[in-house]
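Participant: File follows, my_file-v3.csv with CSV, N, CA and C atoms:
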chain,number,residue,atom,x,y,z
A,1,MET,N,1.5,7.7,7.7
A,1,MET,CA,1.4,6.9,8.9
A,1,MET,C,0.4,5.7,8.7
A,2,ALA,N,-0.6,5.9,7.9
A,2,ALA,CA,-1.5,4.8,7.6
A,2,ALA,C,-0.8,3.6,7.0
A,3,PRO,N,0.1,3.8,6.0
A,3,PRO,CA,0.7,2.6,5.4
A,3,PRO,C,1.6,1.8,6.5
A,4,LEU,N,2.2,2.5,7.4
A,4,LEU,CA,3.0,1.9,8.4
A,4,LEU,C,2.1,1.0,9.3
A,5,ILE,N,1.0,1.6,9.7
A,5,ILE,CA,0.0,0.9,10.6
A,5,ILE,C,-0.5,-0.3,9.8
A,6,ALA,N,-0.8,-0.2,8.6
A,6,ALA,CA,-1.3,-1.3,7.8
A,6,ALA,C,-0.3,-2.4,7.7
A,7,LEU,N,1.0,-2.0,7.6
A,7,LEU,CA,2.1,-3.0,7.5
A,7,LEU,C,2.2,-3.8,8.9
A,8,ILE,N,2.2,-3.0,9.9
A,8,ILE,CA,2.3,-3.6,11.3
A,8,ILE,C,1.1,-4.5,11.6
A,9,VAL,N,-0.1,-4.0,11.4
A,9,VAL,CA,-1.3,-4.8,11.8
A,9,VAL,C,-1.4,-6.0,10.9
A,10,GLY,N,-1.2,-5.8,9.6
A,10,GLY,CA,-1.3,-6.9,8.6
A,10,GLY,C,-0.3,-8.0,9.0
A,11,THR,N,0.9,-7.6,9.3
A,11,THR,CA,1.9,-8.6,9.6
A,11,THR,C,1.6,-9.3,11.0
A,12,ALA,N,1.1,-8.6,11.9
A,12,ALA,CA,0.8,-9.1,13.2
A,12,ALA,C,-0.4,-10.1,13.1
A,13,LEU,N,-1.4,-9.7,12.4
A,13,LEU,CA,-2.6,-10.6,12.2
A,13,LEU,C,-2.2,-11.9,11.4
A,14,ALA,N,-1.4,-11.7,10.4
A,14,ALA,CA,-0.9,-12.9,9.7
A,14,ALA,C,-0.1,-13.8,10.6
A,15,ARG,N,0.8,-13.2,11.4
A,15,ARG,CA,1.6,-14.0,12.3
A,15,ARG,C,0.8,-14.8,13.3
A,16,ILE,N,-0.2,-14.1,13.8
A,16,ILE,CA,-1.1,-14.8,14.8
A,16,ILE,C,-1.9,-15.9,14.1
A,17,ALA,N,-2.3,-15.7,12.8
A,17,ALA,CA,-3.0,-16.7,12.1
A,17,ALA,C,-2.0,-17.9,11.9
A,18,GLY,N,-0.8,-17.7,11.7
A,18,GLY,CA,0.2,-18.7,11.5
A,18,GLY,C,0.4,-19.5,12.8
A,19,LEU,N,0.4,-18.8,13.9
A,19,LEU,CA,0.6,-19.5,15.2
A,19,LEU,C,-0.7,-20.3,15.6
A,20,VAL,N,-1.8,-19.8,15.1
A,20,VAL,CA,-3.1,-20.5,15.4
A,20,VAL,C,-3.2,-21.8,14.7
A,21,GLY,N,-2.5,-21.9,13.5
A,21,GLY,CA,-2.6,-23.2,12.8
A,21,GLY,C,-2.6,-23.1,11.3
A,22,ILE,N,-2.6,-21.9,10.7
A,22,ILE,CA,-2.6,-21.8,9.3
A,22,ILE,C,-1.2,-22.0,8.8
A,23,SER,N,-0.9,-23.1,8.3
A,23,SER,CA,0.5,-23.5,8.0
A,23,SER,C,1.2,-22.6,7.0
A,24,ALA,N,0.4,-22.0,6.0
A,24,ALA,CA,1.0,-21.2,5.0
A,24,ALA,C,1.5,-19.9,5.6
A,25,LEU,N,1.1,-19.5,6.8
A,25,LEU,CA,1.5,-18.3,7.4
A,25,LEU,C,2.4,-18.6,8.7
A,26,ASP,N,2.9,-19.8,8.8
A,26,ASP,CA,3.7,-20.2,9.9
A,26,ASP,C,5.2,-19.7,9.7
A,27,GLY,N,5.5,-18.5,10.2
A,27,GLY,CA,6.8,-17.9,10.1
A,27,GLY,C,6.7,-16.5,9.9
A,28,TRP,N,7.8,-15.8,10.1
A,28,TRP,CA,7.8,-14.3,9.9
A,28,TRP,C,7.8,-13.9,8.5
A,29,HIS,N,8.5,-14.6,7.6
A,29,HIS,CA,8.6,-14.2,6.2
A,29,HIS,C,7.2,-14.2,5.5
A,30,PRO,N,6.5,-15.3,5.7
A,30,PRO,CA,5.1,-15.3,5.1
A,30,PRO,C,4.2,-14.2,5.7
A,31,ALA,N,4.4,-14.0,7.0
A,31,ALA,CA,3.6,-12.9,7.6
A,31,ALA,C,3.9,-11.5,7.1
A,32,LEU,N,5.2,-11.3,6.9
A,32,LEU,CA,5.7,-10.0,6.4
A,32,LEU,C,5.2,-9.8,4.9
A,33,ARG,N,5.1,-10.9,4.2
A,33,ARG,CA,4.6,-10.8,2.8
A,33,ARG,C,3.1,-10.4,2.8
A,34,VAL,N,2.3,-10.9,3.8
A,34,VAL,CA,0.9,-10.5,3.9
A,34,VAL,C,0.9,-9.0,4.3
A,35,GLY,N,1.7,-8.6,5.3
A,35,GLY,CA,1.7,-7.2,5.7
A,35,GLY,C,2.1,-6.3,4.6
A,36,LEU,N,3.1,-6.6,3.8
A,36,LEU,CA,3.4,-5.8,2.6
A,36,LEU,C,2.3,-5.7,1.6
A,37,ALA,N,1.6,-6.9,1.4
A,37,ALA,CA,0.5,-6.9,0.5
A,37,ALA,C,-0.6,-5.9,0.9
A,38,VAL,N,-0.9,-6.0,2.2
A,38,VAL,CA,-1.9,-5.1,2.8
A,38,VAL,C,-1.5,-3.6,2.6
A,39,MET,N,-0.2,-3.3,2.9
A,39,MET,CA,0.3,-1.9,2.8
A,39,MET,C,0.2,-1.5,1.4
A,40,PHE,N,0.7,-2.3,0.4
A,40,PHE,CA,0.6,-1.9,-1.0
A,40,PHE,C,-0.8,-1.7,-1.5
A,41,THR,N,-1.7,-2.6,-1.0
A,41,THR,CA,-3.1,-2.4,-1.4
A,41,THR,C,-3.7,-1.1,-0.9
A,42,LEU,N,-3.4,-0.8,0.3
A,42,LEU,CA,-3.9,0.5,0.9
A,42,LEU,C,-3.4,1.7,0.1
A,43,THR,N,-2.1,1.7,-0.2
A,43,THR,CA,-1.5,2.8,-0.9
A,43,THR,C,-2.0,2.9,-2.3
A,44,ALA,N,-2.3,1.7,-3.0
A,44,ALA,CA,-2.8,1.7,-4.3
A,44,ALA,C,-4.2,2.3,-4.4
A,45,VAL,N,-5.0,1.9,-3.4
A,45,VAL,CA,-6.4,2.4,-3.3
A,45,VAL,C,-6.4,3.9,-3.2
A,46,ALA,N,-5.5,4.5,-2.5
A,46,ALA,CA,-5.4,5.9,-2.3
A,46,ALA,C,-5.2,6.7,-3.6
A,47,HIS,N,-4.7,6.0,-4.6
A,47,HIS,CA,-4.4,6.6,-5.9
A,47,HIS,C,-5.7,6.8,-6.7
A,48,PHE,N,-6.8,6.1,-6.3
A,48,PHE,CA,-8.0,6.1,-7.1
A,48,PHE,C,-9.2,6.7,-6.4
A,49,VAL,N,-9.3,6.9,-5.1
A,49,VAL,CA,-10.5,7.3,-4.5
A,49,VAL,C,-10.3,8.5,-3.6
A,50,GLY,N,-11.4,9.3,-3.6
A,50,GLY,CA,-11.6,10.4,-2.6
A,50,GLY,C,-10.6,11.6,-2.7
A,51,GLN,N,-10.5,12.2,-1.6
A,51,GLN,CA,-9.6,13.4,-1.5
A,51,GLN,C,-8.1,13.1,-1.6
A,52,ARG,N,-7.7,11.9,-1.2
A,52,ARG,CA,-6.3,11.5,-1.3
A,52,ARG,C,-5.8,11.5,-2.8
A,53,ARG,N,-6.7,11.2,-3.7
A,53,ARG,CA,-6.3,11.2,-5.1
A,53,ARG,C,-6.0,12.7,-5.5
A,54,ALA,N,-6.9,13.6,-5.1
A,54,ALA,CA,-6.7,15.0,-5.4
A,54,ALA,C,-5.4,15.5,-4.8
A,55,ASP,N,-5.1,15.1,-3.6
A,55,ASP,CA,-3.9,15.5,-2.9
A,55,ASP,C,-2.7,14.9,-3.7
A,56,LEU,N,-2.7,13.7,-4.1
A,56,LEU,CA,-1.6,13.1,-4.9
A,56,LEU,C,-1.4,13.8,-6.2
A,57,ILE,N,-2.5,14.2,-6.9
A,57,ILE,CA,-2.4,14.9,-8.1
A,57,ILE,C,-1.8,16.3,-7.9
A,58,ALA,N,-2.1,16.9,-6.8
A,58,ALA,CA,-1.6,18.3,-6.5
A,58,ALA,C,-0.1,18.2,-6.2
A,59,MET,N,0.4,17.0,-5.8
A,59,MET,CA,1.8,16.9,-5.4
A,59,MET,C,2.7,16.8,-6.7
A,60,VAL,N,2.1,16.4,-7.8
A,60,VAL,CA,2.9,16.2,-9.0
A,60,VAL,C,3.5,17.6,-9.5
A,61,PRO,N,4.8,17.6,-9.8
A,61,PRO,CA,5.3,18.9,-10.2
A,61,PRO,C,4.7,19.4,-11.5
A,62,PRO,N,4.5,20.7,-11.6
A,62,PRO,CA,3.8,21.3,-12.8
A,62,PRO,C,4.5,21.0,-14.1
A,63,ARG,N,5.8,20.7,-14.1
A,63,ARG,CA,6.5,20.5,-15.4
A,63,ARG,C,6.2,19.1,-15.9
A,64,LEU,N,5.6,18.2,-15.2
A,64,LEU,CA,5.3,16.9,-15.7
A,64,LEU,C,3.9,16.9,-16.3
A,65,PRO,N,3.8,16.3,-17.5
A,65,PRO,CA,2.5,16.4,-18.2
A,65,PRO,C,1.5,15.4,-17.6
A,66,ARG,N,0.2,15.7,-17.7
A,66,ARG,CA,-0.9,14.9,-17.3
A,66,ARG,C,-0.8,14.3,-15.9
A,67,PRO,N,-0.9,15.1,-14.9
A,67,PRO,CA,-0.7,14.5,-13.5
A,67,PRO,C,-1.7,13.5,-13.1
A,68,GLU,N,-2.9,13.6,-13.7
A,68,GLU,CA,-4.0,12.6,-13.4
A,68,GLU,C,-3.5,11.2,-13.9
A,69,LEU,N,-3.0,11.2,-15.1
A,69,LEU,CA,-2.6,9.9,-15.7
A,69,LEU,C,-1.4,9.3,-14.9
A,70,LEU,N,-0.4,10.2,-14.5
A,70,LEU,CA,0.7,9.7,-13.7
A,70,LEU,C,0.3,9.1,-12.4
A,71,VAL,N,-0.7,9.7,-11.7
A,71,VAL,CA,-1.1,9.2,-10.5
A,71,VAL,C,-1.8,7.9,-10.7
A,72,THR,N,-2.6,7.7,-11.7
A,72,THR,CA,-3.3,6.5,-12.1
A,72,THR,C,-2.2,5.4,-12.4
A,73,VAL,N,-1.2,5.7,-13.1
A,73,VAL,CA,-0.2,4.7,-13.5
A,73,VAL,C,0.6,4.3,-12.3
A,74,THR,N,0.9,5.2,-11.4
A,74,THR,CA,1.6,4.8,-10.2
A,74,THR,C,0.7,4.0,-9.3
A,75,GLY,N,-0.5,4.2,-9.3
A,75,GLY,CA,-1.5,3.4,-8.5
A,75,GLY,C,-1.5,2.0,-9.0
A,76,VAL,N,-1.6,1.8,-10.3
A,76,VAL,CA,-1.6,0.5,-10.9
A,76,VAL,C,-0.3,-0.2,-10.6
A,77,LEU,N,0.8,0.5,-10.7
A,77,LEU,CA,2.1,-0.2,-10.5
A,77,LEU,C,2.3,-0.6,-9.0
Output the structure of this file as structure tokens.

Facilitator:
Amino acid sequence: MAPLIALIVGTALARIAGLVGISALDGWHPALRVGLAVMFTLTAVAHFVGQRRADLIAMVPPRLPRPELLVTVTGVL
């Protein structure tokens, strides 16, 4: 749910900034790019910090080797 909220809020704030006068954000496509960047940043951070990292590691199937490394690589990607 948090990534969806980040996408919506990031897009809305960028769109408002475009309407206020920031020409680089004037339009829905640039605002959506900002929203996606916020969402991807939020999900990437979850791969590296706190309890969410442990939860992500626990979700990796046991047959895959080195779940910590896999979570780190997907966070970087």

Participant: What gap, in Å, lies between atom CA of A:Asp26 and atom CA of A:Ile8?

Facilitator: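 Atom-to-atom, atom CA of A:Asp26 to atom CA of A:Ile8, that is 16.7 Å.
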
Participant: Show which residues sit within 9 Å of stretch 14-25 of chain A, as a PDB file with N, CA and C atoms, in the frame of the given file. Count only C-alpha atoms, and ignore same-chain residues fewer than 6 positions away.

Facilitator:
ATOM      1  N   ALA A  31       4.400 -14.000   7.000  1.00  0.00           N
ATOM      2  CA  ALA A  31       3.600 -12.900   7.600  1.00  0.00           C
ATOM      3  C   ALA A  31       3.900 -11.500   7.100  1.00  0.00           C
ATOM      4  N   LEU A  32       5.200 -11.300   6.900  1.00  0.00           N
ATOM      5  CA  LEU A  32       5.700 -10.000   6.400  1.00  0.00           C
ATOM      6  C   LEU A  32       5.200  -9.800   4.900  1.00  0.00           C
ATOM      7  N   VAL A  34       2.300 -10.900   3.800  1.00  0.00           N
ATOM      8  CA  VAL A  34       0.900 -10.500   3.900  1.00  0.00           C
ATOM      9  C   VAL A  34       0.900  -9.000   4.300  1.00  0.00           C
ATOM     10  N   GLY A  35       1.700  -8.600   5.300  1.00  0.00           N
ATOM     11  CA  GLY A  35       1.700  -7.200   5.700  1.00  0.00           C
ATOM     12  C   GLY A  35       2.100  -6.300   4.600  1.00  0.00           C
TER      13      GLY A  35
END

Participant: One decimal, Å: what's the distance from atom CA of A:Arg33 over to atom CA of A:Gln51, could you say?

Facilitator: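 Answer for the atom CA of A:Arg33 to atom CA of A:Gln51 separation: 28.4 Å.
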
Participant: For a test of reading the model, state the distance in Å between atom N of A:His47 and atom N of A:Leu4, rounded to one decimal.

Facilitator: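 Interatomic distance here is 14.3 Å.
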